[in-house]
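Chemist: Before I ask anything, here is the structure I am working with.
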Amino acid sequence: MTRRIAQVAKKVGVSEATVSRVLNGRPGVAAATRQSVLTALDVLGYERPTQLRGERARLVGLVLPELQNPIFPAFAEVIGGTLAQQGLTPVLCTQTKGGVSEADYIELLLQQQVSGVVFAGGLYAQADASHDHYKVLAERQIPVVLINAAIETLGFNAVSCDDGVALEQAWRHLASLGHERIGLILGPEGHMPSRRKLAMARAVAAAAGSELPEERVVRGMFSLEGGQAAASRLLDNGVTGIICASDPLALGAVRAARRRGLDVPGRISVVGYDDSAFMNCAEPPLTTVRQPIEAMGRAAVELLTLQIGGRTVPPGELLFEPELVVRGSTAQAPRGL
């Protein structure tokens with residue numbers, strides 16, 4: 001107990017006597033200080049005293065699949081800052097290979113009596129993954145908001161960038177530059193945002209009186225290495241333009257072209273997705289489709305806080321419009337090839 005009090009006092013910046021008064025329910029402590037002490041207990045993983053467990057903590061889980069892709073720290077910054085403005089404390093949960101799983105994080109968050117959970121990328125977007133931990137959240141009536149496309153059966157609110165519009169913008173941009181052999185690098189088969197992008201690509205091709213050959217659709221892991229491997233297959237099939245489902249995939253595609261001695265954008269044009277940090281500093285600067293991260297993050301927090309406040313929010317998906325950002329990785333299709 002003494003060690004616990006000392007750790008909480010240090011984290012909050014108050015005396016151990018103040019922490020003791022809060023834990024014992026004694027008067028003489030400001031409401032804000034009392035809440036800070038209780039939040040510190042939650043963050044440090046200590047159980048609240050029985051008499052203080054009546055309501056959920058002012059904690060919100062923010063579950064991310066990784067931090068290597070710059071889009072996820074960007075979402076975390078917006079969502080975390082907006083939660084703090086609402087008097088809520090974000091608890092960042094990042095998965096690592098061989099580390100704590102998404103389901104494990106949910107169990108830990110439930111133990112801390114979180115007020116809600118925001119997922120920005122996760123198993124909810126993968127049709128063939130286990131979704132049991134989402135069902136637990138629903139059964140316990142924990143407010144949840146998902147960022148970007150999810151499988152349809154979960155019944156949570158979602159805030160998404162319109163994947164179909166994003167693909168259409170990228171495709172029409174390449175087509176306007178004269179590219180006819182356009183390839184796609186997407187996520188795994190069951191990845192819902194990738195499914196939406198593929199459906200739109202087929203529709204756009206059909207509207208132009210052609211088909212999208214299967215060999216021009218390659219799936220890979222969302223990483224630079226995954227993009228490089230996938231792009232190599234597309235280059236073998238003679239594409240001149242490549243549309244990628246993320247910026248790291250696009251950077252991998254640029255690397256694959258260069259290692260074959262192919263100039264980007266002179267011989268191969270590449271379009272990314274997200275407009276994550278430093279894409280304007282790449283060489284060449286990356287043409288990409290921008291997600292409106294700020295607006296999406298704020299909308300996700302608004303949906304969550306409405307639920308936390310007891311408001312009934314019908315489940316549904318808010319779709320945000322993407323924006324094509326043209327930079328130096330796309331150019332006129334090469335002639336005579």
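So you can find residues: chains in the structure tokens are A, B, ... in the order shown, residues in each start at 1, and ligands are numbered from 1 in order.
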Write out as JSON, numbers by chain which residues come within 8 Å of region 118-121 of chain A when counting only C-alpha atoms, dropping same-chain ones fewer than 4 positions away.
Modeler: {"A": [60, 61, 62, 63, 64, 65, 72, 75, 125, 144, 145, 146, 147, 148, 300, 304]}
Chemist: Using only C-alpha atoms, determine which residues lie at most 10 Å from region 174-184 of chain A, disregarding the query and same-chain residues fewer than 2 positions distant; provide the list as JSON, numbers by chain.
Modeler: {"A": [167, 168, 169, 170, 171, 172, 186, 187, 194, 197, 198, 201, 205, 212, 213, 214, 215, 216, 217, 218, 219, 230, 231, 233, 234, 235, 237, 238, 239, 240, 241, 242, 243, 244, 245, 268, 269, 270, 271, 330, 331, 332, 333, 334, 335]}
Chemist: So that I can check the secondary structure, give me every residue of region 87-285 of chain A assigned alpha helix (DSSP H) by backbone DSSP, as an MDAnalysis selection string.
Modeler: chainID A and resid 102:111 132:139 163:176 192:207 224:236 247:259
Chemist: If we count only C-alpha atoms, what is near region 280-282 of chain A at a cut-off of 12 Å, once residues fewer than 3 positions away on the same chain are taken out, given as a PDB file with N, CA and C atoms, in the first residue's frame?
Modeler:
```pdb
ATOM      1  N   ASP A 247       0.835   4.669 -47.990  1.00  0.00           N
ATOM      2  CA  ASP A 247       2.070   5.341 -48.408  1.00  0.00           C
ATOM      3  C   ASP A 247       3.305   4.455 -48.274  1.00  0.00           C
ATOM      4  N   PRO A 248       3.467   3.687 -47.186  1.00  0.00           N
ATOM      5  CA  PRO A 248       4.628   2.787 -47.124  1.00  0.00           C
ATOM      6  C   PRO A 248       4.665   1.798 -48.291  1.00  0.00           C
ATOM      7  N   ALA A 250       3.561   2.426 -51.244  1.00  0.00           N
ATOM      8  CA  ALA A 250       3.986   3.214 -52.398  1.00  0.00           C
ATOM      9  C   ALA A 250       5.492   3.460 -52.391  1.00  0.00           C
ATOM     10  N   LEU A 251       6.051   3.733 -51.215  1.00  0.00           N
ATOM     11  CA  LEU A 251       7.504   3.924 -51.129  1.00  0.00           C
ATOM     12  C   LEU A 251       8.229   2.641 -51.511  1.00  0.00           C
ATOM     13  N   GLY A 252       7.657   1.496 -51.137  1.00  0.00           N
ATOM     14  CA  GLY A 252       8.233   0.220 -51.547  1.00  0.00           C
ATOM     15  C   GLY A 252       8.162   0.031 -53.048  1.00  0.00           C
ATOM     16  N   VAL A 254       8.244   2.434 -55.287  1.00  0.00           N
ATOM     17  CA  VAL A 254       9.270   3.302 -55.860  1.00  0.00           C
ATOM     18  C   VAL A 254      10.636   2.613 -55.782  1.00  0.00           C
ATOM     19  N   ARG A 255      10.901   1.995 -54.645  1.00  0.00           N
ATOM     20  CA  ARG A 255      12.180   1.288 -54.483  1.00  0.00           C
ATOM     21  C   ARG A 255      12.305   0.149 -55.492  1.00  0.00           C
ATOM     22  N   VAL A 264      11.242   6.835 -61.795  1.00  0.00           N
ATOM     23  CA  VAL A 264       9.945   7.263 -61.262  1.00  0.00           C
ATOM     24  C   VAL A 264       9.967   8.786 -61.201  1.00  0.00           C
ATOM     25  N   GLY A 272       0.213   6.869 -53.744  1.00  0.00           N
ATOM     26  CA  GLY A 272       0.025   6.294 -52.415  1.00  0.00           C
ATOM     27  C   GLY A 272      -1.355   6.579 -51.864  1.00  0.00           C
ATOM     28  N   ASP A 275      -1.415  10.259 -47.328  1.00  0.00           N
ATOM     29  CA  ASP A 275      -0.634  11.488 -47.212  1.00  0.00           C
ATOM     30  C   ASP A 275      -0.112  11.623 -45.784  1.00  0.00           C
ATOM     31  N   SER A 276       0.590  10.593 -45.346  1.00  0.00           N
ATOM     32  CA  SER A 276       1.176  10.596 -44.009  1.00  0.00           C
ATOM     33  C   SER A 276       2.426  11.478 -43.988  1.00  0.00           C
ATOM     34  N   ALA A 277       2.999  11.614 -42.806  1.00  0.00           N
ATOM     35  CA  ALA A 277       4.087  12.565 -42.593  1.00  0.00           C
ATOM     36  C   ALA A 277       5.263  12.335 -43.546  1.00  0.00           C
ATOM     37  N   PRO A 285       8.846  13.457 -54.416  1.00  0.00           N
ATOM     38  CA  PRO A 285       7.703  13.671 -53.519  1.00  0.00           C
ATOM     39  C   PRO A 285       6.512  12.842 -53.991  1.00  0.00           C
ATOM     40  N   LEU A 286       5.819  12.208 -53.052  1.00  0.00           N
ATOM     41  CA  LEU A 286       4.835  11.188 -53.406  1.00  0.00           C
ATOM     42  C   LEU A 286       3.464  11.788 -53.715  1.00  0.00           C
ATOM     43  N   THR A 287       2.963  11.461 -54.903  1.00  0.00           N
ATOM     44  CA  THR A 287       1.555  11.716 -55.201  1.00  0.00           C
ATOM     45  C   THR A 287       0.738  10.725 -54.387  1.00  0.00           C
ATOM     46  N   THR A 288      -0.274  11.217 -53.679  1.00  0.00           N
ATOM     47  CA  THR A 288      -1.021  10.340 -52.785  1.00  0.00           C
ATOM     48  C   THR A 288      -2.429  10.876 -52.587  1.00  0.00           C
ATOM     49  N   ARG A 290      -5.076  11.920 -49.826  1.00  0.00           N
ATOM     50  CA  ARG A 290      -5.023  12.340 -48.422  1.00  0.00           C
ATOM     51  C   ARG A 290      -6.297  11.965 -47.667  1.00  0.00           C
ATOM     52  N   VAL A 325      -3.549  14.492 -53.823  1.00  0.00           N
ATOM     53  CA  VAL A 325      -2.452  15.456 -53.712  1.00  0.00           C
ATOM     54  C   VAL A 325      -1.407  15.064 -54.756  1.00  0.00           C
ATOM     55  N   VAL A 326      -1.305  15.860 -55.812  1.00  0.00           N
ATOM     56  CA  VAL A 326      -0.408  15.529 -56.933  1.00  0.00           C
ATOM     57  C   VAL A 326       0.977  16.104 -56.651  1.00  0.00           C
ATOM     58  N   ARG A 327       1.974  15.220 -56.663  1.00  0.00           N
ATOM     59  CA  ARG A 327       3.363  15.645 -56.461  1.00  0.00           C
ATOM     60  C   ARG A 327       4.223  15.054 -57.586  1.00  0.00           C
ATOM     61  N   GLY A 328       5.424  14.630 -57.259  1.00  0.00           N
ATOM     62  CA  GLY A 328       6.373  14.289 -58.299  1.00  0.00           C
ATOM     63  C   GLY A 328       6.497  12.828 -58.675  1.00  0.00           C
ATOM     64  N   SER A 329       5.678  11.927 -58.107  1.00  0.00           N
ATOM     65  CA  SER A 329       5.840  10.502 -58.425  1.00  0.00           C
ATOM     66  C   SER A 329       4.942  10.036 -59.560  1.00  0.00           C
TER      67      SER A 329
END
```
Chemist: Just list the residues in region 106-290 of chain A DSSP gives strand (DSSP E) on the backbone, as JSON, numbers by chain.
Modeler: {"A": [116, 117, 118, 119, 120, 144, 145, 146, 147, 157, 158, 159, 160, 161, 182, 183, 184, 185, 186, 217, 218, 219, 241, 242, 243, 244, 269, 270, 271, 272, 273, 274, 287, 288, 289, 290]}
Chemist: Skip region 136-142 of chain A itself and residues of its chain fewer than 2 positions away, then list as a ChimeraX atom specification all residues within 8 Å of it, counting only C-alpha atoms.
Modeler: /A:115-117,132-134,144
Chemist: Mind running region 55-99 of chain A against region 21-42 of chain A at 10 Å and telling me each contacting residue's nearest atom pair with the distance in Å (one decimal), counting only C-alpha atoms, chain and number ascending, as CSV?
Modeler:
```
residue,atom,partner,partner_atom,distance
A:Ala57,CA,A:Thr39,CA,6.7
A:Arg58,CA,A:Thr39,CA,6.9
A:Leu59,CA,A:Thr39,CA,7.3
A:Leu88,CA,A:Thr39,CA,9.5
A:Thr89,CA,A:Thr39,CA,7.9
A:Val91,CA,A:Asp42,CA,9.8
```
Chemist: Could those residues be written to a file, using N, CA and C atoms, as a PDB file, in the first residue's frame?
Modeler:
```pdb
ATOM      1  N   ALA A  57     -13.875   4.727 -15.082  1.00  0.00           N
ATOM      2  CA  ALA A  57     -12.785   5.700 -15.070  1.00  0.00           C
ATOM      3  C   ALA A  57     -12.910   6.617 -16.277  1.00  0.00           C
ATOM      4  N   ARG A  58     -12.302   7.779 -16.195  1.00  0.00           N
ATOM      5  CA  ARG A  58     -12.297   8.723 -17.315  1.00  0.00           C
ATOM      6  C   ARG A  58     -11.166   8.383 -18.274  1.00  0.00           C
ATOM      7  N   LEU A  59     -11.035   7.099 -18.550  1.00  0.00           N
ATOM      8  CA  LEU A  59     -10.000   6.601 -19.449  1.00  0.00           C
ATOM      9  C   LEU A  59     -10.643   6.120 -20.740  1.00  0.00           C
ATOM     10  N   LEU A  88     -10.958  13.556 -20.856  1.00  0.00           N
ATOM     11  CA  LEU A  88     -10.728  12.113 -20.896  1.00  0.00           C
ATOM     12  C   LEU A  88      -9.242  11.835 -21.112  1.00  0.00           C
ATOM     13  N   THR A  89      -8.763  10.747 -20.545  1.00  0.00           N
ATOM     14  CA  THR A  89      -7.351  10.387 -20.647  1.00  0.00           C
ATOM     15  C   THR A  89      -7.167   9.216 -21.602  1.00  0.00           C
ATOM     16  N   VAL A  91      -5.462   6.041 -23.308  1.00  0.00           N
ATOM     17  CA  VAL A  91      -4.519   4.981 -22.946  1.00  0.00           C
ATOM     18  C   VAL A  91      -4.107   4.300 -24.254  1.00  0.00           C
TER      19      VAL A  91
END
```
Chemist: Give me the residues near Leu306 (chain A) as a ChimeraX atom specification, where near means some atom within 10 Å (using only C-alpha atoms) and where sequence neighbours in that chain fewer than 6 positions away do not count.
Modeler: /A:143,312-313
Chemist: Please produce a file of the residues just selected, as a PDB file, in the first residue's frame, where the atoms kept are N, CA, C and O atoms.
Modeler:
```
ATOM      1  N   PRO A 143     -18.880   2.044 -24.951  1.00  0.00           N
ATOM      2  CA  PRO A 143     -18.879   2.841 -26.183  1.00  0.00           C
ATOM      3  C   PRO A 143     -17.635   2.555 -27.024  1.00  0.00           C
ATOM      4  O   PRO A 143     -16.516   2.529 -26.500  1.00  0.00           O
ATOM      5  N   THR A 312     -28.037   8.098 -27.108  1.00  0.00           N
ATOM      6  CA  THR A 312     -28.184   6.983 -28.032  1.00  0.00           C
ATOM      7  C   THR A 312     -27.734   7.430 -29.416  1.00  0.00           C
ATOM      8  O   THR A 312     -28.301   8.368 -29.994  1.00  0.00           O
ATOM      9  N   VAL A 313     -26.707   6.781 -29.933  1.00  0.00           N
ATOM     10  CA  VAL A 313     -26.180   7.108 -31.259  1.00  0.00           C
ATOM     11  C   VAL A 313     -26.398   5.892 -32.153  1.00  0.00           C
ATOM     12  O   VAL A 313     -25.763   4.855 -31.958  1.00  0.00           O
TER      13      VAL A 313
END
```
Chemist: List the spatial neighbours of region 99-101 of chain A as a list in words - criterion: any atom at most 12 Å away, only C-alpha atoms, same-chain residues fewer than 4 positions off excluded.
Modeler: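 Listing them by chain and then by number gives Val63, Leu64, Pro65, Glu66, Cys93, Thr94, Gln95, Tyr105, Ile106, Glu107, Leu108, Gly122, Leu123, Ser130 and His133 of chain A.
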Chemist: Could you check how far CA of Ser15 (chain A) sits from CA of Pro49 (chain A), in Å to one decimal?
Modeler: 18.6 Å
Chemist: Work out how far apart CA of Leu154 (chain A) and CA of Ala127 (chain A) are and give it in Å to one decimal.
Modeler: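 Separation between CA of Leu154 (chain A) and CA of Ala127 (chain A): 11.0 Å.
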Chemist: Between CA of Val43 (chain A) and CA of Asp104 (chain A), what is the spacing in Å?
Modeler: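 Going from CA of Asp104 (chain A) over to CA of Val43 (chain A), I get 16.1 Å.
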Chemist: If you count only C-alpha atoms, which residues fall within 7 Å of Ala149 (chain A), apart from same-chain ones fewer than 3 positions away, as a PyMOL selection string?
Modeler: chain A and resi 125+160+192-193
Chemist: Just the selected residues (C-alpha atoms), exported as an mmCIF file, in the first residue's frame, please.
Modeler:
```cif
data_model
loop_
_atom_site.group_PDB
_atom_site.id
_atom_site.type_symbol
_atom_site.label_atom_id
_atom_site.label_comp_id
_atom_site.auth_asym_id
_atom_site.auth_seq_id
_atom_site.Cartn_x
_atom_site.Cartn_y
_atom_site.Cartn_z
ATOM 1 C CA ALA A 125 -11.305 -4.554 -40.725
ATOM 2 C CA SER A 160 -14.133 6.291 -42.541
ATOM 3 C CA MET A 192 -12.335 -4.359 -45.931
ATOM 4 C CA PRO A 193 -10.790 -1.031 -47.113
#
```
